[in-house]
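S.K.: Okay, here's the structure, questions in a sec.
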Amino acid sequence: MNTLLAVYIIMNLIGLVVMKADKERAKKHEYRISERTLWLIAVFGGAVGTTAGMQLYRHKTKHQAFRIGFPLLAAAEIILFVYIYRL
């Protein structure tokens with residue numbers, strides 16, 4: 001497996017897990033994962049996972065920056081990923 005593909009998969013799994021963990025923490029009124037951390041995970045290759053987590057766990061869906069930003073970033077990541085693998 002190509003290293004880039006492995007990193008991409010791992011980052012998206014992390015994004016999905018972190019969104020679930022933050023949702024669970026929110027339900028329990030516990031210490032939350034910062035929005036900055038969520039964005040960093042998305043920017044560094046986990047946007048598809050964070051977007052999926054947002055939809056799957058109904059988390060951060062009322063925040064316009066997340067509702068619009070995560071899917072746009074995910075689309076950009078997919079396009080970039082496909083472009084790189086076509087070279």
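In the structure tokens, each chain is lettered A, B, ... as it comes, each chain's residues begin at 1, and ligands are numbered from 1 in order of appearance.
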Looking only at helix (DSSP H, G or I) from DSSP on the backbone, list the matching residues of chain A as number ranges by chain.

M.R.: A: 3-27, 35-56, 64-86

S.K.: Do you have the CA of Gly53 in chain A-CA of Lys20 in chain A distance handy?

M.R.: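 That distance, rounded to one decimal, is 6.4 Å.
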
S.K.: Need to verify the contact set: Asp22 in chain A, 10 Å, only C-alpha atoms, exclusion of same-chain residues closer than 5 positions in sequence. Can you return it as a PyMOL selection string?

M.R.: chain A and resi 17+27-28+30-35+38+57+59-60

S.K.: With N, CA, C and O atoms retained, write the just-selected residues as an mmCIF file, in the first residue's frame.

M.R.:
data_model
loop_
_atom_site.group_PDB
_atom_site.id
_atom_site.type_symbol
_atom_site.label_atom_id
_atom_site.label_comp_id
_atom_site.auth_asym_id
_atom_site.auth_seq_id
_atom_site.Cartn_x
_atom_site.Cartn_y
_atom_site.Cartn_z
ATOM 1 N N VAL A 17 -13.355 9.125 14.225
ATOM 2 C CA VAL A 17 -13.324 8.760 15.650
ATOM 3 C C VAL A 17 -13.363 10.000 16.542
ATOM 4 O O VAL A 17 -14.065 10.023 17.560
ATOM 5 N N LYS A 27 -22.430 15.187 24.986
ATOM 6 C CA LYS A 27 -23.612 14.621 25.637
ATOM 7 C C LYS A 27 -23.423 14.516 27.152
ATOM 8 O O LYS A 27 -24.367 14.684 27.910
ATOM 9 N N LYS A 28 -22.193 14.219 27.566
ATOM 10 C CA LYS A 28 -21.898 14.023 28.991
ATOM 11 C C LYS A 28 -21.436 15.309 29.684
ATOM 12 O O LYS A 28 -21.066 15.279 30.844
ATOM 13 N N GLU A 30 -18.692 16.884 29.273
ATOM 14 C CA GLU A 30 -17.286 16.722 29.644
ATOM 15 C C GLU A 30 -16.422 17.690 28.852
ATOM 16 O O GLU A 30 -16.894 18.388 27.951
ATOM 17 N N TYR A 31 -15.129 17.692 29.181
ATOM 18 C CA TYR A 31 -14.159 18.509 28.470
ATOM 19 C C TYR A 31 -14.169 18.130 26.997
ATOM 20 O O TYR A 31 -14.123 16.962 26.657
ATOM 21 N N ARG A 32 -14.268 19.135 26.123
ATOM 22 C CA ARG A 32 -14.450 18.921 24.692
ATOM 23 C C ARG A 32 -13.153 18.998 23.918
ATOM 24 O O ARG A 32 -12.180 19.594 24.351
ATOM 25 N N ILE A 33 -13.171 18.424 22.747
ATOM 26 C CA ILE A 33 -12.070 18.544 21.793
ATOM 27 C C ILE A 33 -12.241 19.904 21.121
ATOM 28 O O ILE A 33 -13.339 20.249 20.677
ATOM 29 N N SER A 34 -11.176 20.671 21.051
ATOM 30 C CA SER A 34 -11.294 22.035 20.534
ATOM 31 C C SER A 34 -11.641 22.041 19.046
ATOM 32 O O SER A 34 -11.285 21.118 18.298
ATOM 33 N N GLU A 35 -12.335 23.100 18.644
ATOM 34 C CA GLU A 35 -12.673 23.257 17.224
ATOM 35 C C GLU A 35 -11.400 23.378 16.396
ATOM 36 O O GLU A 35 -11.352 22.900 15.269
ATOM 37 N N LEU A 38 -10.244 19.939 15.597
ATOM 38 C CA LEU A 38 -11.097 19.335 14.568
ATOM 39 C C LEU A 38 -10.710 19.853 13.178
ATOM 40 O O LEU A 38 -10.605 19.082 12.220
ATOM 41 N N TYR A 57 -22.946 11.299 13.197
ATOM 42 C CA TYR A 57 -23.215 11.515 14.621
ATOM 43 C C TYR A 57 -23.997 12.796 14.889
ATOM 44 O O TYR A 57 -24.207 13.166 16.037
ATOM 45 N N HIS A 59 -23.157 15.930 14.582
ATOM 46 C CA HIS A 59 -22.312 16.743 15.455
ATOM 47 C C HIS A 59 -21.763 17.933 14.686
ATOM 48 O O HIS A 59 -21.250 17.780 13.587
ATOM 49 N N LYS A 60 -21.894 19.112 15.262
ATOM 50 C CA LYS A 60 -21.441 20.382 14.680
ATOM 51 C C LYS A 60 -22.243 20.767 13.446
ATOM 52 O O LYS A 60 -21.826 21.597 12.663
#

S.K.: Quick one: pull the distance between CA of Leu13 in chain A and CA of Arg36 in chain A, Å, one decimal.

M.R.: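 Distance reported for this atom pair: 17.9 Å.
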
S.K.: So how many Å separate CA of Tyr85 in chain A and CA of Gly45 in chain A, to one decimal?

M.R.: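 Separation of CA of Tyr85 in chain A and CA of Gly45 in chain A: 15.0 Å.
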
S.K.: My list of candidates is A:Trp39, A:Phe81, A:His29, A:Val48. Which is closest to Ala65 in chain A when distances are computed with only C-alpha atoms?

M.R.: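 Smallest distance to Ala65 in chain A is found for A:Trp39.
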
S.K.: Can you pull out the residues contacting Gln55 in chain A? Cut-off 12 Å, using only C-alpha atoms, and skip same-chain residues under 5 positions away; I want them as a VMD selection string.

M.R.: chain A and resid 16 19 to 20 23 48 to 50 60 to 62 66 to 68 70 to 71
